[in-house]
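Content type mmCIF, C-alpha atoms, from the file final37.cif:
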```cif
data_data
loop_
_atom_site.label_atom_id
_atom_site.label_comp_id
_atom_site.auth_asym_id
_atom_site.auth_seq_id
_atom_site.Cartn_x
_atom_site.Cartn_y
_atom_site.Cartn_z
CA THR A 14 22.61 49.44 -5.04
CA PHE A 15 24.65 52.59 -5.72
CA GLU A 16 23.82 56.21 -6.25
CA ASN A 17 25.13 57.55 -9.54
CA ASP A 18 25.03 60.55 -11.85
CA LEU A 19 23.91 58.74 -15.00
CA GLU A 20 21.18 59.93 -17.35
CA VAL A 21 19.49 58.34 -20.35
CA THR A 22 18.04 60.09 -23.40
CA LEU A 23 15.74 58.21 -25.78
CA TYR A 24 15.77 58.94 -29.50
CA ALA A 25 13.64 57.93 -32.46
CA ALA A 26 15.03 55.76 -35.24
CA ASP A 27 16.89 58.65 -36.86
CA GLY A 28 19.11 58.89 -33.78
CA SER A 29 18.56 62.63 -33.40
CA THR A 30 14.84 63.20 -32.68
CA VAL A 31 14.50 63.22 -28.90
CA LEU A 32 11.62 61.22 -27.48
CA VAL A 33 12.47 61.59 -23.78
CA GLU A 34 15.53 63.31 -22.34
CA GLN A 35 17.58 63.25 -19.14
CA VAL A 36 15.96 60.25 -17.49
CA ALA A 37 17.78 59.48 -14.25
CA VAL A 38 19.17 56.00 -13.61
CA ASP A 39 18.12 54.81 -10.17
CA ALA A 40 20.35 53.28 -7.49
CA SER A 41 19.62 49.76 -8.75
CA GLY A 42 20.79 50.64 -12.25
CA HIS A 43 17.35 50.90 -13.86
CA PHE A 44 15.54 53.66 -15.71
CA ALA A 45 11.96 54.02 -16.95
CA ALA A 46 10.43 56.37 -19.49
CA THR A 47 7.16 56.71 -21.40
CA VAL A 48 7.16 57.37 -25.15
CA GLY A 49 3.37 57.46 -25.47
CA HIS A 50 2.01 56.44 -28.86
CA TYR A 51 5.41 56.23 -30.52
CA THR A 52 6.17 52.92 -32.25
CA GLY A 53 9.28 51.67 -33.99
CA VAL A 54 12.99 51.85 -33.23
CA VAL A 55 14.14 53.46 -30.00
CA ILE A 56 17.80 54.28 -29.41
CA ALA A 57 18.87 55.00 -25.83
CA ARG A 58 22.05 56.88 -24.96
CA LEU A 59 23.55 56.73 -21.47
CA VAL A 60 25.65 59.71 -20.40
CA ASN A 61 27.72 60.21 -17.28
CA LYS A 62 26.95 63.69 -15.95
CA GLY A 63 29.72 63.98 -13.36
CA SER A 64 32.55 62.38 -11.45
CA GLN A 65 30.53 60.32 -8.97
CA ALA A 66 31.19 56.58 -8.91
CA ASP A 67 28.43 54.86 -10.87
CA TYR A 68 28.79 51.08 -10.52
CA LEU A 69 30.68 48.24 -8.85
CA ASP A 70 33.41 47.07 -11.22
CA GLU A 71 33.85 43.31 -11.52
CA ALA A 72 37.57 43.33 -12.31
CA THR A 73 38.61 45.50 -9.37
CA ASN A 74 35.68 45.05 -6.96
CA THR A 75 35.66 48.81 -6.46
CA ARG A 76 33.17 51.53 -7.31
CA LYS A 77 33.97 53.11 -10.65
CA ASP A 78 32.98 56.23 -12.54
CA LEU A 79 31.72 55.29 -16.01
CA ASN A 80 34.17 56.57 -18.64
CA ALA A 81 32.29 55.71 -21.81
CA GLU A 82 29.04 56.58 -23.55
CA LEU A 83 26.78 53.52 -23.74
CA LYS A 84 23.90 52.93 -26.14
CA THR A 85 21.19 50.41 -26.86
CA ALA A 86 18.48 49.94 -29.48
CA GLY A 87 15.18 48.11 -29.55
CA VAL A 88 11.81 48.15 -31.27
CA VAL A 89 8.51 49.29 -29.75
CA PRO A 90 6.01 47.05 -31.62
CA ALA A 91 2.82 48.88 -30.64
CA ALA A 92 1.71 52.02 -28.84
CA ASN A 93 1.77 51.90 -25.03
CA THR A 94 3.83 48.71 -25.04
CA THR A 95 6.49 48.07 -22.41
CA LEU A 96 9.95 47.58 -23.90
CA ASN A 97 12.71 46.24 -21.64
CA LEU A 98 16.18 47.24 -22.83
CA ASN A 99 19.57 46.24 -21.50
CA LEU A 100 22.18 48.99 -21.75
CA ASN A 101 25.81 47.90 -21.57
CA VAL A 102 28.97 47.34 -23.59
CA LEU A 103 27.39 44.58 -25.72
CA THR A 104 24.35 46.67 -26.64
CA THR A 105 26.70 49.55 -27.45
CA LEU A 106 28.60 47.31 -29.86
CA ALA A 107 25.30 46.41 -31.50
CA VAL A 108 24.37 50.07 -32.03
CA MET A 109 27.82 50.69 -33.52
CA LYS A 110 27.26 47.84 -35.98
CA LEU A 111 23.90 49.23 -37.17
CA GLY A 112 25.68 51.59 -39.51
CA ASP A 113 23.24 53.91 -41.27
CA ASP A 114 20.41 51.35 -41.33
CA HIS A 115 18.25 52.02 -38.28
CA SER A 116 15.26 50.06 -39.55
CA ALA A 117 13.42 47.76 -37.15
CA ALA A 118 14.51 44.72 -39.14
CA ASN A 119 18.18 45.68 -38.96
CA VAL A 120 18.02 46.51 -35.24
CA ASP A 121 16.57 43.07 -34.53
CA ALA A 122 19.08 41.37 -36.83
CA VAL A 123 22.15 43.11 -35.41
CA ASN A 124 21.06 42.52 -31.82
CA ALA A 125 20.72 38.82 -32.67
CA ALA A 126 24.11 38.79 -34.41
CA VAL A 127 25.98 40.35 -31.50
CA ALA A 128 24.28 37.98 -29.07
CA GLN A 129 25.39 35.04 -31.25
CA ALA A 130 28.98 36.27 -31.33
CA PHE A 131 29.11 36.17 -27.53
CA GLY A 132 27.23 32.88 -27.10
CA LEU A 133 24.06 34.47 -25.76
CA SER A 134 20.46 33.76 -26.72
CA ALA A 135 19.56 37.46 -26.92
CA LEU A 136 20.88 40.91 -26.05
CA GLN A 137 17.46 42.20 -25.01
CA GLY A 138 14.78 40.56 -22.90
CA THR A 139 17.23 38.79 -20.57
CA ALA A 140 17.64 40.05 -17.02
CA VAL A 141 21.42 40.31 -16.55
CA VAL A 142 22.84 38.73 -13.38
CA ALA A 143 26.09 40.54 -12.60
CA SER A 144 28.93 38.28 -11.46
CA ASN A 145 29.56 40.50 -8.42
CA ARG A 146 25.99 40.28 -7.15
CA GLY A 147 24.89 37.79 -4.51
CA THR A 148 22.55 35.84 -6.81
CA TYR A 149 25.31 34.83 -9.25
CA SER A 150 26.74 31.32 -8.87
CA ALA A 151 29.01 29.38 -11.22
CA THR A 152 28.68 26.17 -9.20
CA ASP A 153 25.42 24.89 -10.71
CA GLY A 154 25.71 25.87 -14.36
CA LEU A 155 24.91 29.32 -15.67
CA SER A 156 21.46 30.70 -16.41
CA GLU A 157 21.04 32.97 -19.42
CA GLY A 158 21.28 35.98 -17.11
CA GLU A 159 24.46 34.60 -15.51
CA LYS A 160 25.98 33.91 -18.94
CA TYR A 161 25.33 37.53 -19.85
CA GLY A 162 26.91 38.63 -16.57
CA ALA A 163 29.95 36.41 -17.23
CA ILE A 164 30.57 38.05 -20.59
CA LEU A 165 30.28 41.52 -19.07
CA ALA A 166 32.69 40.50 -16.30
CA GLY A 167 35.20 39.34 -18.92
CA LEU A 168 34.84 42.70 -20.64
CA SER A 169 35.43 44.41 -17.28
CA GLY A 170 38.72 42.54 -17.15
CA VAL A 171 39.53 43.90 -20.60
CA ASP A 172 38.84 47.38 -19.21
CA LYS A 173 41.43 46.75 -16.52
CA LEU A 174 43.97 45.57 -19.09
CA ASN A 175 43.21 48.77 -21.03
CA GLY A 176 44.12 50.95 -18.07
CA GLY A 177 40.54 51.13 -16.82
CA SER A 178 39.10 52.57 -20.04
CA VAL A 179 35.68 51.19 -20.98
CA GLN A 180 35.75 53.18 -24.22
CA ASP A 181 39.05 51.60 -25.28
CA THR A 182 37.52 48.17 -24.66
CA ILE A 183 34.47 49.03 -26.78
CA ASP A 184 36.62 50.30 -29.64
CA SER A 185 38.96 47.31 -29.49
CA ILE A 186 36.25 44.65 -29.40
CA ALA A 187 34.25 46.43 -32.11
CA SER A 188 37.22 46.09 -34.44
CA GLN A 189 37.26 42.31 -33.79
CA LEU A 190 33.49 41.83 -34.24
CA THR A 191 31.97 41.00 -37.64
CA VAL A 192 28.23 41.30 -38.24
CA THR A 193 26.49 40.15 -41.42
CA GLY A 194 22.72 40.24 -41.24
CA SER A 195 21.74 38.29 -38.14
CA THR A 196 25.05 36.41 -37.99
CA GLY A 197 27.90 37.59 -35.79
CA SER A 198 31.39 36.37 -34.97
CA LEU A 199 34.46 37.39 -33.01
CA SER A 200 37.96 37.05 -34.39
CA GLU A 201 40.38 34.82 -32.51
CA ALA A 202 42.17 37.95 -31.31
CA GLY A 203 38.88 39.26 -29.91
CA LYS A 204 38.17 35.97 -28.17
CA TYR A 205 41.64 35.95 -26.65
CA GLU A 206 41.19 39.53 -25.44
CA ILE A 207 37.99 38.64 -23.58
CA ALA A 208 39.43 35.41 -22.20
CA ALA A 209 42.48 37.29 -20.94
CA GLY A 210 40.17 39.85 -19.37
CA ALA A 211 38.25 37.08 -17.64
CA LYS A 212 41.48 35.67 -16.26
CA THR A 213 42.17 39.09 -14.75
CA VAL A 214 38.77 39.04 -13.05
CA MET A 215 39.40 35.54 -11.71
CA ALA A 216 42.74 36.60 -10.24
CA LEU A 217 41.03 38.99 -7.84
CA SER A 218 40.98 37.19 -4.49
CA SER A 219 37.44 38.30 -3.66
CA ASN A 220 36.18 36.69 -6.88
CA GLN A 221 37.94 33.33 -6.70
CA GLU A 222 35.38 31.38 -4.70
CA LEU A 223 32.47 32.80 -6.66
CA LEU A 224 33.94 32.44 -10.15
CA ASN A 225 36.07 29.30 -9.91
CA GLY A 226 33.83 26.97 -7.97
CA GLY A 227 31.88 23.97 -9.17
CA SER A 228 32.16 21.69 -12.14
CA THR A 229 31.34 24.53 -14.53
CA SER A 230 33.73 27.30 -13.63
CA PHE A 231 33.36 30.90 -14.75
CA GLY A 232 36.44 30.62 -16.96
CA ASP A 233 35.39 27.42 -18.70
CA ALA A 234 31.85 28.67 -19.18
CA LEU A 235 33.00 31.97 -20.67
CA ALA A 236 35.45 30.24 -23.01
CA ALA A 237 32.60 28.02 -24.20
CA LEU A 238 30.33 31.02 -24.74
CA ILE A 239 32.79 32.72 -27.07
CA ASP A 240 33.87 29.36 -28.58
CA TYR A 241 37.49 29.86 -27.63
CA SER A 242 39.27 26.51 -27.79
CA ALA A 243 42.67 28.00 -26.91
CA ASN A 244 41.32 28.93 -23.49
CA PRO A 245 44.12 30.50 -21.42
CA LEU A 246 41.97 30.69 -18.29
CA THR A 247 43.33 27.54 -16.70
CA GLN A 248 46.96 28.47 -17.35
CA ASP A 249 49.25 30.07 -14.79
#
```

Can you present the structure in this file as structure tokens?
Amino acid sequence: TFENDLEVTLYAADGSTVLVEQVAVDASGHFAATVGHYTGVVIARLVNKGSQADYLDEATNTRKDLNAELKTAGVVPAANTTLNLNLNVLTTLAVMKLGDDHSAANVDAVNAAVAQAFGLSALQGTAVVASNRGTYSATDGLSEGEKYGAILAGLSGVDKLNGGSVQDTIDSIASQLTVTGSTGSLSEAGKYEIAAGAKTVMALSSNQELLNGGSTSFGDALAALIDYSANPLTQD
């Protein structure tokens, strides 16, 4: 767990009407807010309020100050219903791909499309298992949460290749991601970028035992998730 200076603001479907503002993110990376009787689309925006280190970066194994604005979107189906939202680079890509259509149907469709593009069953509703946490293991196959964590670790490697910029990674991958309805796909260039990022993560000595062990290694599993047959992860 890490202290941070992150805050989340929740908006209605129009993206401008504030439902709840300046909700602190706790040391475990979670936030909670109550929107009362509101139903429909919720868009959450994560903002870094200062220069304090906010999270443990997979690619460098060091604490890092978040240098991007992250977003996520989901649908509250009924009043006083609990909605669990992940908030990360993938969910940010999904919000970017919503365009001007913030309807509940489009939010659900685009979340499904982005999940498909990265080989995941869903963007929301899955508890992410970060690759640099003690519960992650690539030696016995990957759970859905570990698959999600593997993709995020690969994207962390892309950050490193982009000089440490999370925002540059988001912009680059967004340009390689196509969403049509509930169908999503990555270009070959996008797949290569993530695979190369994953190789960077694997090169870190503190990650080698965790990520390379077992019959289903981190690199092979990630390449399978993004359907990248020209997997460079086993090359020198």

In terms of the shortest atom-to-atom distance over only C-alpha atoms, which of A:Ala236, A:Ala166, A:Val192, A:Ile186 is closest to A:Asp70?
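Comparing A:Ala236, A:Ala166, A:Val192, A:Ile186 against A:Asp70, the winner is A:Ala166.
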
To one decimal place, how far is atom CA of A:Ser144 from atom CA of A:Leu59 in Å?
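Atom-to-atom, atom CA of A:Ser144 and atom CA of A:Leu59 are spaced 21.7 Å apart.
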
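Using all atoms listed in the file, the nearest neighbour of A:Gly49 within the list A:Val108, A:Asp18, A:Thr30, A:Ala91 is A:Ala91.
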
Residues around (24.3, 54.5, -26.4), cut-off 6 Å, counting all atoms listed in the file - what are they as a list in words?
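Output of the proximity query reads Ala57, Arg58, Leu59, Glu82, Leu83, Lys84, Thr85 and Thr105 of chain A.
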
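The nearest approach to A:Gly197 among the residues A:Leu136, A:Ala126, A:Gly177, A:Asp172, with only C-alpha atoms taken into account, belongs to A:Ala126.
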
Leaving out A:Lys110 and any residue of its chain fewer than 3 positions from it, which residues lie within 10 Å of it when counting all atoms listed in the file, given as number ranges by chain?
A: 104-107, 113-114, 119-120, 123-124, 126-127, 187, 190-193

What is the distance between atom CA of A:Tyr205 and atom CA of A:Thr152, in Å to one decimal?
23.8 Å

Please evaluate the PyMOL selection byres ((chain A and resi 86) around 6) against the displayed coordinates and give the resulting residues as an mmCIF file with C-alpha atoms, keeping the file's coordinate frame.
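Wrote selection.cif, looks like this:
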```cif
data_model
loop_
_atom_site.group_PDB
_atom_site.id
_atom_site.type_symbol
_atom_site.label_atom_id
_atom_site.label_comp_id
_atom_site.auth_asym_id
_atom_site.auth_seq_id
_atom_site.Cartn_x
_atom_site.Cartn_y
_atom_site.Cartn_z
ATOM 1 C CA VAL A 55 14.140 53.460 -30.000
ATOM 2 C CA ILE A 56 17.800 54.280 -29.410
ATOM 3 C CA THR A 85 21.190 50.410 -26.860
ATOM 4 C CA GLY A 87 15.180 48.110 -29.550
#
```

The distance between atom CA of A:Phe131 and atom CA of A:Gln189 is 12.0 Å

Tell me which protein, DNA and RNA residues are within 12 Å of A:Ser41, counting only C-alpha atoms, leaving out same-chain ones fewer than 6 positions away, and put them as a list of chain:residue names.
A:Thr14, A:Phe15, A:Glu16, A:Asn17, A:Leu19, A:Asp67, A:Tyr68, A:Leu69, A:Ala143, A:Arg146

Would you write out, as a PyMOL selection string, every residue that the PyMOL selection byres ((chain A and resi 54) around 9) captures in this file?
chain A and resi 24-27+52-53+55-56+86-90+115-117+120

Take the selection from the previous step and output its residues with C-alpha atoms, as a compact mmCIF listing (two decimals), in the frame of the given file.
```
# COMPACT_ATOMS: atom_id res chain seq x y z
CA TYR A 24 15.77 58.94 -29.50
CA ALA A 25 13.64 57.93 -32.46
CA ALA A 26 15.03 55.76 -35.24
CA ASP A 27 16.89 58.65 -36.86
CA THR A 52 6.17 52.92 -32.25
CA GLY A 53 9.28 51.67 -33.99
CA VAL A 55 14.14 53.46 -30.00
CA ILE A 56 17.80 54.28 -29.41
CA ALA A 86 18.48 49.94 -29.48
CA GLY A 87 15.18 48.11 -29.55
CA VAL A 88 11.81 48.15 -31.27
CA VAL A 89 8.51 49.29 -29.75
CA PRO A 90 6.01 47.05 -31.62
CA HIS A 115 18.25 52.02 -38.28
CA SER A 116 15.26 50.06 -39.55
CA ALA A 117 13.42 47.76 -37.15
CA VAL A 120 18.02 46.51 -35.24
```

Between A:Asn74, A:Ala237, A:Ser195, A:Gly210, which has the minimum distance to A:Leu155 (counting all atoms listed in the file)?
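Among the listed residues, the smallest separation from A:Leu155 belongs to A:Ala237.
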
May I ask which of the residues A:Leu165, A:Ala46, A:Ala81, A:Val31 is the closest one to A:Asp184, counting only C-alpha atoms?
A:Ala81

Care to translate the PyMOL selection byres ((chain A and resi 164) around 10) into actual residues of this file, as a PDB file with C-alpha atoms, in the frame of the given file?
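Ended up saving to part_10.pdb:
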```
ATOM      1  CA  VAL A 102      28.970  47.340 -23.590  1.00  0.00           C
ATOM      2  CA  LEU A 103      27.390  44.580 -25.720  1.00  0.00           C
ATOM      3  CA  PHE A 131      29.110  36.170 -27.530  1.00  0.00           C
ATOM      4  CA  GLY A 132      27.230  32.880 -27.100  1.00  0.00           C
ATOM      5  CA  LEU A 133      24.060  34.470 -25.760  1.00  0.00           C
ATOM      6  CA  ALA A 143      26.090  40.540 -12.600  1.00  0.00           C
ATOM      7  CA  SER A 144      28.930  38.280 -11.460  1.00  0.00           C
ATOM      8  CA  GLU A 159      24.460  34.600 -15.510  1.00  0.00           C
ATOM      9  CA  LYS A 160      25.980  33.910 -18.940  1.00  0.00           C
ATOM     10  CA  TYR A 161      25.330  37.530 -19.850  1.00  0.00           C
ATOM     11  CA  GLY A 162      26.910  38.630 -16.570  1.00  0.00           C
ATOM     12  CA  ALA A 163      29.950  36.410 -17.230  1.00  0.00           C
ATOM     13  CA  LEU A 165      30.280  41.520 -19.070  1.00  0.00           C
ATOM     14  CA  ALA A 166      32.690  40.500 -16.300  1.00  0.00           C
ATOM     15  CA  GLY A 167      35.200  39.340 -18.920  1.00  0.00           C
ATOM     16  CA  LEU A 168      34.840  42.700 -20.640  1.00  0.00           C
ATOM     17  CA  SER A 169      35.430  44.410 -17.280  1.00  0.00           C
ATOM     18  CA  GLY A 170      38.720  42.540 -17.150  1.00  0.00           C
ATOM     19  CA  ILE A 207      37.990  38.640 -23.580  1.00  0.00           C
ATOM     20  CA  ALA A 208      39.430  35.410 -22.200  1.00  0.00           C
ATOM     21  CA  GLY A 210      40.170  39.850 -19.370  1.00  0.00           C
ATOM     22  CA  ALA A 211      38.250  37.080 -17.640  1.00  0.00           C
ATOM     23  CA  PHE A 231      33.360  30.900 -14.750  1.00  0.00           C
ATOM     24  CA  ALA A 234      31.850  28.670 -19.180  1.00  0.00           C
ATOM     25  CA  LEU A 235      33.000  31.970 -20.670  1.00  0.00           C
ATOM     26  CA  ALA A 236      35.450  30.240 -23.010  1.00  0.00           C
ATOM     27  CA  LEU A 238      30.330  31.020 -24.740  1.00  0.00           C
ATOM     28  CA  ILE A 239      32.790  32.720 -27.070  1.00  0.00           C
TER      29      ILE A 239
END
```

Residues near A:Ala125, cut-off 7 Å, all atoms listed in the file, skip fewer than 3 positions along chain, as a PyMOL selection string
chain A and resi 121-122+128-129+135-136+195

Please determine, counting only C-alpha atoms, which residue among A:Ser178, A:Ser242, A:Thr94, A:Asn101 has the shortest atom-to-atom distance to A:Asn80.
A:Ser178

As a compact mmCIF listing (two decimals), in the coordinates of the input, please: stretch 62-75 of chain A completed to N, CA, C and O atoms.
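Wrote rebuild02.txt, looks like this:
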```
# COMPACT_ATOMS: atom_id res chain seq x y z
N LYS A 62 27.05 62.24 -16.12
CA LYS A 62 26.95 63.69 -15.95
C LYS A 62 27.96 64.27 -14.98
O LYS A 62 28.00 65.49 -14.77
N GLY A 63 28.78 63.45 -14.34
CA GLY A 63 29.72 63.98 -13.36
C GLY A 63 30.78 62.97 -12.99
O GLY A 63 30.99 61.98 -13.68
N SER A 64 31.42 63.20 -11.87
CA SER A 64 32.55 62.38 -11.45
C SER A 64 32.20 61.37 -10.35
O SER A 64 33.08 60.69 -9.84
N GLN A 65 30.94 61.27 -10.01
CA GLN A 65 30.53 60.32 -8.97
C GLN A 65 30.70 58.89 -9.46
O GLN A 65 30.48 58.58 -10.64
N ALA A 66 31.10 57.99 -8.56
CA ALA A 66 31.19 56.58 -8.91
C ALA A 66 29.81 56.05 -9.26
O ALA A 66 28.82 56.36 -8.59
N ASP A 67 29.73 55.25 -10.32
CA ASP A 67 28.43 54.86 -10.87
C ASP A 67 28.08 53.39 -10.70
O ASP A 67 26.90 53.03 -10.72
N TYR A 68 29.09 52.51 -10.58
CA TYR A 68 28.79 51.08 -10.52
C TYR A 68 29.94 50.34 -9.84
O TYR A 68 31.04 50.88 -9.66
N LEU A 69 29.67 49.09 -9.47
CA LEU A 69 30.68 48.24 -8.85
C LEU A 69 31.37 47.44 -9.95
O LEU A 69 30.74 46.61 -10.61
N ASP A 70 32.64 47.68 -10.14
CA ASP A 70 33.41 47.07 -11.22
C ASP A 70 33.80 45.65 -10.87
O ASP A 70 34.36 45.39 -9.80
N GLU A 71 33.55 44.71 -11.79
CA GLU A 71 33.85 43.31 -11.52
C GLU A 71 35.34 43.03 -11.41
O GLU A 71 35.77 42.21 -10.59
N ALA A 72 36.14 43.67 -12.25
CA ALA A 72 37.57 43.33 -12.31
C ALA A 72 38.36 43.85 -11.13
O ALA A 72 39.42 43.30 -10.80
N THR A 73 37.87 44.90 -10.49
CA THR A 73 38.61 45.50 -9.37
C THR A 73 37.85 45.42 -8.05
O THR A 73 38.41 45.69 -7.00
N ASN A 74 36.56 45.08 -8.13
CA ASN A 74 35.68 45.05 -6.96
C ASN A 74 35.66 46.40 -6.23
O ASN A 74 35.58 46.46 -5.02
N THR A 75 35.75 47.46 -7.01
CA THR A 75 35.66 48.81 -6.46
C THR A 75 34.61 49.59 -7.24
O THR A 75 34.27 49.25 -8.38
```
